[in-house]
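In what follows, a single structure is set out as structure tokens and then discussed.
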Amino acid sequence: MFEWFVNDVAGIVCSTFTYLLVLYSQFVIISVVLLPDPIVSETIQVGIFWTFSLLALWCHIRAMTTNPGTVPMETYNVRYTGKDELRSAVLCLKCNSIKPERAHHCSVCKRCVRKMDHHCPWVNNCVGQQNQKFFILFTFYIFAISVHAMYMAVQKIVTCSDSEWRSCGSLSPPVSLMLLTILLFISLLFGLFTGIMFGTQIYAILDDQTGIEKLKNETATWERLTWKQNLQEVFGTQAGCTWLLPVMPSHLTPGPKMHQNKFQV
């Protein structure tokens with residue numbers, strides 16, 4: 001069904017929890033903010049919120065079910081055409097593969113991943129060369145809907161407080177206030193988390209160094225690219241609306257070399 005899926009209990013739980021949080025925010029926005037008397041401004045805001053929520057879930061699914069850029073297993077004693085890559089590679093004894101430069105082994109995925117940044121339980125996958133764009137867009141859209149949810153929740157609380165909660169939804173005022181308060185807390189928590197994560201990911205791209213490379217304080221032996229080239233490497237060579245959509249850049253589309261299982265020496 002999926003191109004790639006990691007059978008990790010913690011990752012599956014975290015991913016499921018992510019979907020439940022988005023569904024909870026949708027429930028509160030619809031039942032408390034939009035109903036029972038939707039006005040044009042609120043309807044437009046909810047429409048924007050729904051759009052960003054769907055984009056966030058789309059990005060999450062792509063980040064979770066896309067092969068992050070794993071190296072073929074059990075290739076240490078066979079042949080591979082990329083001699084330049086092979087010269088800078090080392091043998092990984094954990095998955096029996098020749099590990100190209102900038103690849104690292106993930107103990108959860110049990111594979112070596114090209115340009116691995118880290119393993120994220122929230123997307124139940126490694127963040128690597130092939131799915132980093134989807135992960136970054138996921139954090140961006142979650143941050144956007146978190147900020148938007150906080151704005152709508154505060155606006156609703158202020159408006160309803162001024163009218164003493166008359167015509168402020170079909171739910172009782174205590175229940176509505178409780179739901180809005182929980183939404184504010186969740187939005188603040190995950191807004192901060194994803195905002196920081198988005199910023200660190202963008203900084204890592206511009207600096208041409210992954211999170212695990214920074215953590216291990218690895219010296220760059222690879223050819224350093226400009227900040228513009230690094231952005232194009234992750235999001236696509238042509239800047240445009242596709243940068244904001246979870247579609248694979250054409251230059252990262254898996255080809256014969258990505259899927260072959262033999263090294264040629």
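How things are named: the first chain in the structure tokens is A, the next is B, and so on; residues count from 1 in each chain; ligands count from 1 in the order shown.
For segment 110-126 of chain A, the non-local neighbours within 6 Å, defined as residues at least 3 positions apart in the same chain or in other chains and counting only C-alpha atoms, are Gly11, Cys14, Ser15, Met64, Gly69, Thr70, Val71, Arg102, Ala103, His104, His105, Cys106, Ser107, Gln129, Thr210, Gly211 and Ile212 of chain A.
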Would you output that residue set with all heavy atoms, as an mmCIF file, in the first residue's frame?
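Heads up, here's the output in out-v6.cif:
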data_model
loop_
_atom_site.group_PDB
_atom_site.id
_atom_site.type_symbol
_atom_site.label_atom_id
_atom_site.label_comp_id
_atom_site.auth_asym_id
_atom_site.auth_seq_id
_atom_site.Cartn_x
_atom_site.Cartn_y
_atom_site.Cartn_z
ATOM 1 N N GLY A 11 6.731 5.245 17.078
ATOM 2 C CA GLY A 11 6.454 6.118 15.939
ATOM 3 C C GLY A 11 4.995 6.060 15.521
ATOM 4 O O GLY A 11 4.403 7.086 15.182
ATOM 5 N N CYS A 14 2.977 8.035 18.111
ATOM 6 C CA CYS A 14 3.160 9.485 17.939
ATOM 7 C C CYS A 14 2.444 9.995 16.684
ATOM 8 O O CYS A 14 1.829 11.062 16.704
ATOM 9 C CB CYS A 14 4.653 9.820 17.859
ATOM 10 S SG CYS A 14 5.532 9.653 19.422
ATOM 11 N N SER A 15 2.511 9.238 15.601
ATOM 12 C CA SER A 15 1.843 9.638 14.363
ATOM 13 C C SER A 15 0.330 9.663 14.550
ATOM 14 O O SER A 15 -0.346 10.597 14.107
ATOM 15 C CB SER A 15 2.212 8.674 13.231
ATOM 16 O OG SER A 15 3.594 8.695 12.975
ATOM 17 N N MET A 64 6.076 10.268 6.089
ATOM 18 C CA MET A 64 6.048 8.977 6.766
ATOM 19 C C MET A 64 6.195 7.812 5.807
ATOM 20 O O MET A 64 6.810 6.787 6.149
ATOM 21 C CB MET A 64 4.742 8.837 7.558
ATOM 22 C CG MET A 64 4.608 7.543 8.333
ATOM 23 S SD MET A 64 3.143 7.476 9.396
ATOM 24 C CE MET A 64 1.818 7.654 8.172
ATOM 25 N N GLY A 69 15.747 7.663 1.704
ATOM 26 C CA GLY A 69 17.002 7.630 0.949
ATOM 27 C C GLY A 69 17.913 6.535 1.454
ATOM 28 O O GLY A 69 19.118 6.759 1.643
ATOM 29 N N THR A 70 17.356 5.350 1.664
ATOM 30 C CA THR A 70 18.139 4.249 2.227
ATOM 31 C C THR A 70 19.132 3.692 1.208
ATOM 32 O O THR A 70 18.888 3.693 0.006
ATOM 33 C CB THR A 70 17.225 3.107 2.707
ATOM 34 O OG1 THR A 70 16.392 2.682 1.622
ATOM 35 C CG2 THR A 70 16.349 3.585 3.855
ATOM 36 N N VAL A 71 20.245 3.210 1.745
ATOM 37 C CA VAL A 71 21.279 2.581 0.922
ATOM 38 C C VAL A 71 20.937 1.100 0.785
ATOM 39 O O VAL A 71 20.507 0.474 1.757
ATOM 40 C CB VAL A 71 22.662 2.744 1.589
ATOM 41 C CG1 VAL A 71 23.749 2.057 0.760
ATOM 42 C CG2 VAL A 71 22.980 4.216 1.782
ATOM 43 N N ARG A 102 28.158 11.056 3.886
ATOM 44 C CA ARG A 102 27.027 11.760 4.483
ATOM 45 C C ARG A 102 25.852 10.831 4.782
ATOM 46 O O ARG A 102 24.758 11.299 5.102
ATOM 47 C CB ARG A 102 26.574 12.944 3.631
ATOM 48 C CG ARG A 102 27.677 13.940 3.294
ATOM 49 C CD ARG A 102 27.123 15.217 2.723
ATOM 50 N NE ARG A 102 26.468 16.006 3.777
ATOM 51 C CZ ARG A 102 25.895 17.186 3.542
ATOM 52 N NH1 ARG A 102 25.885 17.699 2.319
ATOM 53 N NH2 ARG A 102 25.321 17.847 4.534
ATOM 54 N N ALA A 103 26.041 9.539 4.682
ATOM 55 C CA ALA A 103 24.998 8.584 5.075
ATOM 56 C C ALA A 103 25.271 8.128 6.502
ATOM 57 O O ALA A 103 26.428 8.014 6.922
ATOM 58 C CB ALA A 103 24.970 7.391 4.138
ATOM 59 N N HIS A 104 24.207 7.868 7.271
ATOM 60 C CA HIS A 104 24.335 7.402 8.646
ATOM 61 C C HIS A 104 23.337 6.272 8.880
ATOM 62 O O HIS A 104 22.287 6.213 8.243
ATOM 63 C CB HIS A 104 24.094 8.536 9.639
ATOM 64 C CG HIS A 104 25.159 9.591 9.620
ATOM 65 N ND1 HIS A 104 25.161 10.628 8.701
ATOM 66 C CD2 HIS A 104 26.260 9.757 10.395
ATOM 67 C CE1 HIS A 104 26.221 11.385 8.920
ATOM 68 N NE2 HIS A 104 26.905 10.891 9.932
ATOM 69 N N HIS A 105 23.679 5.413 9.813
ATOM 70 C CA HIS A 105 22.808 4.272 10.118
ATOM 71 C C HIS A 105 21.771 4.681 11.158
ATOM 72 O O HIS A 105 22.085 5.310 12.168
ATOM 73 C CB HIS A 105 23.627 3.093 10.645
ATOM 74 C CG HIS A 105 22.812 1.863 10.885
ATOM 75 N ND1 HIS A 105 22.540 0.952 9.874
ATOM 76 C CD2 HIS A 105 22.185 1.407 11.998
ATOM 77 C CE1 HIS A 105 21.806 -0.031 10.366
ATOM 78 N NE2 HIS A 105 21.559 0.224 11.652
ATOM 79 N N CYS A 106 20.516 4.303 10.912
ATOM 80 C CA CYS A 106 19.435 4.558 11.849
ATOM 81 C C CYS A 106 19.096 3.257 12.570
ATOM 82 O O CYS A 106 18.771 2.259 11.919
ATOM 83 C CB CYS A 106 18.200 5.103 11.129
ATOM 84 S SG CYS A 106 16.766 5.279 12.226
ATOM 85 N N SER A 107 19.147 3.282 13.893
ATOM 86 C CA SER A 107 18.890 2.071 14.665
ATOM 87 C C SER A 107 17.412 1.703 14.679
ATOM 88 O O SER A 107 17.064 0.549 14.950
ATOM 89 C CB SER A 107 19.381 2.261 16.102
ATOM 90 O OG SER A 107 18.736 3.374 16.706
ATOM 91 N N GLN A 129 17.502 12.441 2.700
ATOM 92 C CA GLN A 129 17.602 13.104 1.399
ATOM 93 C C GLN A 129 16.283 13.129 0.633
ATOM 94 O O GLN A 129 15.943 14.127 0.002
ATOM 95 C CB GLN A 129 18.664 12.384 0.566
ATOM 96 C CG GLN A 129 18.825 12.919 -0.849
ATOM 97 C CD GLN A 129 19.928 12.208 -1.593
ATOM 98 O OE1 GLN A 129 21.098 12.511 -1.435
ATOM 99 N NE2 GLN A 129 19.557 11.210 -2.395
ATOM 100 N N THR A 210 23.708 18.463 8.114
ATOM 101 C CA THR A 210 22.525 17.857 8.718
ATOM 102 C C THR A 210 22.614 17.890 10.242
ATOM 103 O O THR A 210 23.672 18.155 10.821
ATOM 104 C CB THR A 210 22.365 16.397 8.257
ATOM 105 O OG1 THR A 210 23.464 15.628 8.758
ATOM 106 C CG2 THR A 210 22.335 16.310 6.738
ATOM 107 N N GLY A 211 21.492 17.572 10.889
ATOM 108 C CA GLY A 211 21.448 17.583 12.339
ATOM 109 C C GLY A 211 22.419 16.598 12.965
ATOM 110 O O GLY A 211 23.108 16.913 13.939
ATOM 111 N N ILE A 212 22.513 15.384 12.410
ATOM 112 C CA ILE A 212 23.409 14.381 12.971
ATOM 113 C C ILE A 212 24.871 14.738 12.715
ATOM 114 O O ILE A 212 25.753 14.428 13.533
ATOM 115 C CB ILE A 212 23.067 12.974 12.425
ATOM 116 C CG1 ILE A 212 23.718 11.900 13.281
ATOM 117 C CG2 ILE A 212 23.476 12.826 10.964
ATOM 118 C CD1 ILE A 212 23.221 10.503 12.987
#
Can you pull out the residues contacting Leu177 of chain A? Cut-off 10 Å, using only C-alpha atoms, and skip same-chain residues under 6 positions away; I want them as a list in words.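 Final neighbour list, sorted by chain and number: Val32, Ala153, Lys156, Ile157, Cys160, Ser161, Trp165, Leu171 and Leu183 of chain A.
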Keeping only all heavy atoms, write the selected residues as a PDB file, in the first residue's frame.
ATOM      1  N   VAL A  32     -17.250  25.337  18.117  1.00  0.00           N
ATOM      2  CA  VAL A  32     -17.235  26.514  18.991  1.00  0.00           C
ATOM      3  C   VAL A  32     -17.064  27.812  18.209  1.00  0.00           C
ATOM      4  O   VAL A  32     -17.761  28.794  18.459  1.00  0.00           O
ATOM      5  CB  VAL A  32     -16.116  26.392  20.054  1.00  0.00           C
ATOM      6  CG1 VAL A  32     -16.108  27.616  20.972  1.00  0.00           C
ATOM      7  CG2 VAL A  32     -16.295  25.125  20.882  1.00  0.00           C
ATOM      8  N   ALA A 153      -9.052  31.230  18.589  1.00  0.00           N
ATOM      9  CA  ALA A 153      -9.520  30.898  19.937  1.00  0.00           C
ATOM     10  C   ALA A 153      -9.565  32.137  20.826  1.00  0.00           C
ATOM     11  O   ALA A 153     -10.558  32.380  21.534  1.00  0.00           O
ATOM     12  CB  ALA A 153      -8.612  29.839  20.552  1.00  0.00           C
ATOM     13  N   LYS A 156     -12.399  34.387  19.733  1.00  0.00           N
ATOM     14  CA  LYS A 156     -13.701  33.871  20.150  1.00  0.00           C
ATOM     15  C   LYS A 156     -13.932  34.088  21.639  1.00  0.00           C
ATOM     16  O   LYS A 156     -15.045  34.468  22.061  1.00  0.00           O
ATOM     17  CB  LYS A 156     -13.781  32.381  19.829  1.00  0.00           C
ATOM     18  CG  LYS A 156     -15.193  31.802  19.925  1.00  0.00           C
ATOM     19  CD  LYS A 156     -16.084  32.385  18.832  1.00  0.00           C
ATOM     20  CE  LYS A 156     -17.460  31.755  18.845  1.00  0.00           C
ATOM     21  NZ  LYS A 156     -18.338  32.291  17.781  1.00  0.00           N
ATOM     22  N   ILE A 157     -12.908  33.872  22.457  1.00  0.00           N
ATOM     23  CA  ILE A 157     -13.044  34.072  23.902  1.00  0.00           C
ATOM     24  C   ILE A 157     -13.352  35.526  24.222  1.00  0.00           C
ATOM     25  O   ILE A 157     -14.236  35.829  25.038  1.00  0.00           O
ATOM     26  CB  ILE A 157     -11.763  33.610  24.628  1.00  0.00           C
ATOM     27  CG1 ILE A 157     -11.628  32.083  24.550  1.00  0.00           C
ATOM     28  CG2 ILE A 157     -11.784  34.055  26.089  1.00  0.00           C
ATOM     29  CD1 ILE A 157     -10.319  31.547  25.104  1.00  0.00           C
ATOM     30  N   CYS A 160     -16.978  36.385  22.911  1.00  0.00           N
ATOM     31  CA  CYS A 160     -18.025  35.773  23.722  1.00  0.00           C
ATOM     32  C   CYS A 160     -18.051  36.331  25.140  1.00  0.00           C
ATOM     33  O   CYS A 160     -19.113  36.415  25.762  1.00  0.00           O
ATOM     34  CB  CYS A 160     -17.843  34.267  23.763  1.00  0.00           C
ATOM     35  SG  CYS A 160     -18.191  33.450  22.178  1.00  0.00           S
ATOM     36  N   SER A 161     -16.901  36.705  25.665  1.00  0.00           N
ATOM     37  CA  SER A 161     -16.866  37.311  26.994  1.00  0.00           C
ATOM     38  C   SER A 161     -17.577  38.655  26.996  1.00  0.00           C
ATOM     39  O   SER A 161     -18.293  38.997  27.952  1.00  0.00           O
ATOM     40  CB  SER A 161     -15.424  37.477  27.465  1.00  0.00           C
ATOM     41  OG  SER A 161     -14.781  36.218  27.600  1.00  0.00           O
ATOM     42  N   TRP A 165     -21.313  35.312  26.580  1.00  0.00           N
ATOM     43  CA  TRP A 165     -21.466  33.990  25.994  1.00  0.00           C
ATOM     44  C   TRP A 165     -22.867  33.730  25.448  1.00  0.00           C
ATOM     45  O   TRP A 165     -23.305  32.587  25.341  1.00  0.00           O
ATOM     46  CB  TRP A 165     -21.081  32.898  26.993  1.00  0.00           C
ATOM     47  CG  TRP A 165     -19.619  32.942  27.321  1.00  0.00           C
ATOM     48  CD1 TRP A 165     -19.021  33.668  28.301  1.00  0.00           C
ATOM     49  CD2 TRP A 165     -18.565  32.259  26.621  1.00  0.00           C
ATOM     50  NE1 TRP A 165     -17.666  33.498  28.275  1.00  0.00           N
ATOM     51  CE2 TRP A 165     -17.352  32.618  27.260  1.00  0.00           C
ATOM     52  CE3 TRP A 165     -18.518  31.371  25.548  1.00  0.00           C
ATOM     53  CZ2 TRP A 165     -16.114  32.138  26.839  1.00  0.00           C
ATOM     54  CZ3 TRP A 165     -17.293  30.887  25.140  1.00  0.00           C
ATOM     55  CH2 TRP A 165     -16.111  31.270  25.775  1.00  0.00           C
ATOM     56  N   LEU A 171     -22.832  24.611  22.616  1.00  0.00           N
ATOM     57  CA  LEU A 171     -22.306  24.066  23.857  1.00  0.00           C
ATOM     58  C   LEU A 171     -22.435  25.085  24.980  1.00  0.00           C
ATOM     59  O   LEU A 171     -22.514  26.295  24.733  1.00  0.00           O
ATOM     60  CB  LEU A 171     -20.839  23.658  23.680  1.00  0.00           C
ATOM     61  CG  LEU A 171     -20.552  22.648  22.558  1.00  0.00           C
ATOM     62  CD1 LEU A 171     -19.066  22.420  22.408  1.00  0.00           C
ATOM     63  CD2 LEU A 171     -21.261  21.324  22.837  1.00  0.00           C
ATOM     64  N   LEU A 183      -7.402  23.942  23.414  1.00  0.00           N
ATOM     65  CA  LEU A 183      -6.892  24.222  22.065  1.00  0.00           C
ATOM     66  C   LEU A 183      -5.763  25.244  22.117  1.00  0.00           C
ATOM     67  O   LEU A 183      -4.760  25.107  21.403  1.00  0.00           O
ATOM     68  CB  LEU A 183      -8.028  24.739  21.179  1.00  0.00           C
ATOM     69  CG  LEU A 183      -7.636  25.107  19.739  1.00  0.00           C
ATOM     70  CD1 LEU A 183      -7.111  23.889  18.988  1.00  0.00           C
ATOM     71  CD2 LEU A 183      -8.825  25.719  18.996  1.00  0.00           C
TER      72      LEU A 183
END
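Those residues that approach Leu34 of chain A to within 10 Å, counting only C-alpha atoms, are Val28, Val40, Ser41, Glu42, Thr43, Gln45, Val46, Met152, Lys156, Cys168 and Gly169 of chain A; same-chain residues fewer than 6 positions away are not listed.
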Residues of segment 41-191 of chain A in alpha helix (DSSP H), written as a PyMOL selection string: chain A and resi 41-65+83-87+132-162+173-191
Could you write out the selected residues, including C-alpha atoms, as a PDB file, in the first residue's frame?
ATOM      1  CA  SER A  41     -15.170  36.336   8.165  1.00  0.00           C
ATOM      2  CA  GLU A  42     -15.250  33.248  10.376  1.00  0.00           C
ATOM      3  CA  THR A  43     -16.174  30.998   7.436  1.00  0.00           C
ATOM      4  CA  ILE A  44     -13.209  32.308   5.438  1.00  0.00           C
ATOM      5  CA  GLN A  45     -10.864  31.798   8.397  1.00  0.00           C
ATOM      6  CA  VAL A  46     -12.105  28.254   8.947  1.00  0.00           C
ATOM      7  CA  GLY A  47     -11.667  27.547   5.225  1.00  0.00           C
ATOM      8  CA  ILE A  48      -8.046  28.700   5.421  1.00  0.00           C
ATOM      9  CA  PHE A  49      -7.565  26.611   8.559  1.00  0.00           C
ATOM     10  CA  TRP A  50      -8.969  23.518   6.846  1.00  0.00           C
ATOM     11  CA  THR A  51      -6.739  24.049   3.808  1.00  0.00           C
ATOM     12  CA  PHE A  52      -3.590  24.315   5.907  1.00  0.00           C
ATOM     13  CA  SER A  53      -4.676  21.318   7.997  1.00  0.00           C
ATOM     14  CA  LEU A  54      -5.142  19.154   4.895  1.00  0.00           C
ATOM     15  CA  LEU A  55      -1.736  20.272   3.592  1.00  0.00           C
ATOM     16  CA  ALA A  56      -0.159  19.407   6.953  1.00  0.00           C
ATOM     17  CA  LEU A  57      -1.686  15.907   6.909  1.00  0.00           C
ATOM     18  CA  TRP A  58      -0.696  15.407   3.258  1.00  0.00           C
ATOM     19  CA  CYS A  59       2.892  16.392   4.087  1.00  0.00           C
ATOM     20  CA  HIS A  60       2.880  14.091   7.116  1.00  0.00           C
ATOM     21  CA  ILE A  61       1.735  11.107   5.058  1.00  0.00           C
ATOM     22  CA  ARG A  62       4.399  11.797   2.421  1.00  0.00           C
ATOM     23  CA  ALA A  63       7.121  12.209   5.067  1.00  0.00           C
ATOM     24  CA  MET A  64       6.048   8.977   6.766  1.00  0.00           C
ATOM     25  CA  THR A  65       5.594   6.772   3.690  1.00  0.00           C
ATOM     26  CA  LYS A  83      33.231   4.639  -8.093  1.00  0.00           C
ATOM     27  CA  ASP A  84      33.573   8.262  -6.933  1.00  0.00           C
ATOM     28  CA  GLU A  85      30.931   7.658  -4.295  1.00  0.00           C
ATOM     29  CA  LEU A  86      32.498   4.335  -3.321  1.00  0.00           C
ATOM     30  CA  ARG A  87      35.914   5.874  -2.657  1.00  0.00           C
ATOM     31  CA  GLN A 132      13.285  16.199   4.061  1.00  0.00           C
ATOM     32  CA  LYS A 133      11.127  18.541   1.998  1.00  0.00           C
ATOM     33  CA  PHE A 134       7.950  16.815   3.192  1.00  0.00           C
ATOM     34  CA  PHE A 135       9.078  16.981   6.822  1.00  0.00           C
ATOM     35  CA  ILE A 136       9.928  20.686   6.596  1.00  0.00           C
ATOM     36  CA  LEU A 137       6.568  21.486   4.985  1.00  0.00           C
ATOM     37  CA  PHE A 138       4.820  19.432   7.681  1.00  0.00           C
ATOM     38  CA  THR A 139       6.435  21.504  10.436  1.00  0.00           C
ATOM     39  CA  PHE A 140       5.627  24.715   8.564  1.00  0.00           C
ATOM     40  CA  TYR A 141       1.933  23.929   8.127  1.00  0.00           C
ATOM     41  CA  ILE A 142       1.528  22.662  11.704  1.00  0.00           C
ATOM     42  CA  PHE A 143       3.140  25.898  12.904  1.00  0.00           C
ATOM     43  CA  ALA A 144       0.787  27.902  10.656  1.00  0.00           C
ATOM     44  CA  ILE A 145      -2.397  26.189  11.871  1.00  0.00           C
ATOM     45  CA  SER A 146      -1.200  26.426  15.489  1.00  0.00           C
ATOM     46  CA  VAL A 147      -0.789  30.199  15.224  1.00  0.00           C
ATOM     47  CA  HIS A 148      -4.081  30.505  13.356  1.00  0.00           C
ATOM     48  CA  ALA A 149      -5.907  28.362  15.937  1.00  0.00           C
ATOM     49  CA  MET A 150      -4.548  30.518  18.777  1.00  0.00           C
ATOM     50  CA  TYR A 151      -5.725  33.662  17.002  1.00  0.00           C
ATOM     51  CA  MET A 152      -9.241  32.290  16.394  1.00  0.00           C
ATOM     52  CA  ALA A 153      -9.520  30.898  19.937  1.00  0.00           C
ATOM     53  CA  VAL A 154      -8.474  34.178  21.590  1.00  0.00           C
ATOM     54  CA  GLN A 155     -10.765  36.151  19.269  1.00  0.00           C
ATOM     55  CA  LYS A 156     -13.701  33.871  20.150  1.00  0.00           C
ATOM     56  CA  ILE A 157     -13.044  34.072  23.902  1.00  0.00           C
ATOM     57  CA  VAL A 158     -12.859  37.874  23.812  1.00  0.00           C
ATOM     58  CA  THR A 159     -15.984  38.190  21.636  1.00  0.00           C
ATOM     59  CA  CYS A 160     -18.025  35.773  23.722  1.00  0.00           C
ATOM     60  CA  SER A 161     -16.866  37.311  26.994  1.00  0.00           C
ATOM     61  CA  ASP A 162     -18.081  40.719  25.831  1.00  0.00           C
ATOM     62  CA  PRO A 173     -20.142  28.404  28.173  1.00  0.00           C
ATOM     63  CA  PRO A 174     -18.002  26.306  30.597  1.00  0.00           C
ATOM     64  CA  VAL A 175     -17.580  23.538  28.016  1.00  0.00           C
ATOM     65  CA  SER A 176     -16.817  25.997  25.214  1.00  0.00           C
ATOM     66  CA  LEU A 177     -14.253  27.813  27.368  1.00  0.00           C
ATOM     67  CA  MET A 178     -12.639  24.516  28.396  1.00  0.00           C
ATOM     68  CA  LEU A 179     -12.363  23.341  24.777  1.00  0.00           C
ATOM     69  CA  LEU A 180     -10.903  26.679  23.668  1.00  0.00           C
ATOM     70  CA  THR A 181      -8.419  26.694  26.556  1.00  0.00           C
ATOM     71  CA  ILE A 182      -7.204  23.185  25.709  1.00  0.00           C
ATOM     72  CA  LEU A 183      -6.892  24.222  22.065  1.00  0.00           C
ATOM     73  CA  LEU A 184      -4.846  27.262  23.101  1.00  0.00           C
ATOM     74  CA  PHE A 185      -2.493  25.101  25.173  1.00  0.00           C
ATOM     75  CA  ILE A 186      -2.017  22.508  22.403  1.00  0.00           C
ATOM     76  CA  SER A 187      -1.529  25.195  19.768  1.00  0.00           C
ATOM     77  CA  LEU A 188       1.040  27.049  21.880  1.00  0.00           C
ATOM     78  CA  LEU A 189       2.981  23.870  22.672  1.00  0.00           C
ATOM     79  CA  PHE A 190       3.104  22.491  19.143  1.00  0.00           C
ATOM     80  CA  GLY A 191       3.436  25.926  17.580  1.00  0.00           C
TER      81      GLY A 191
END
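Note that atom CA of Leu206 of chain A and atom CA of Leu192 of chain A are 21.2 Å apart.
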So what do you get for atom CA of Cys95 of chain A versus atom CA of Gly128 of chain A, distance-wise? 17.1 Å
Can you tell me, as a ChimeraX atom specification, which residues in segment 104-216 of chain A count as strand (DSSP E) by DSSP? /A:104-106,111-114,118-120,125-127
Could the residues in this selection be saved with C-alpha atoms as a compact mmCIF listing (two decimals), in the first residue's frame?
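Heads up, here's the output in selection.txt:
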# COMPACT_ATOMS: atom_id res chain seq x y z
CA HIS A 104 24.33 7.40 8.65
CA HIS A 105 22.81 4.27 10.12
CA CYS A 106 19.43 4.56 11.85
CA ARG A 111 19.13 1.05 7.46
CA CYS A 112 21.76 3.53 6.36
CA VAL A 113 20.13 6.73 5.12
CA ARG A 114 21.64 9.26 2.73
CA HIS A 118 17.48 12.56 12.45
CA HIS A 119 14.81 9.95 13.15
CA CYS A 120 11.51 11.62 14.02
CA ASN A 125 10.47 7.81 9.82
CA CYS A 126 13.97 9.08 9.30
CA VAL A 127 14.35 12.53 7.81
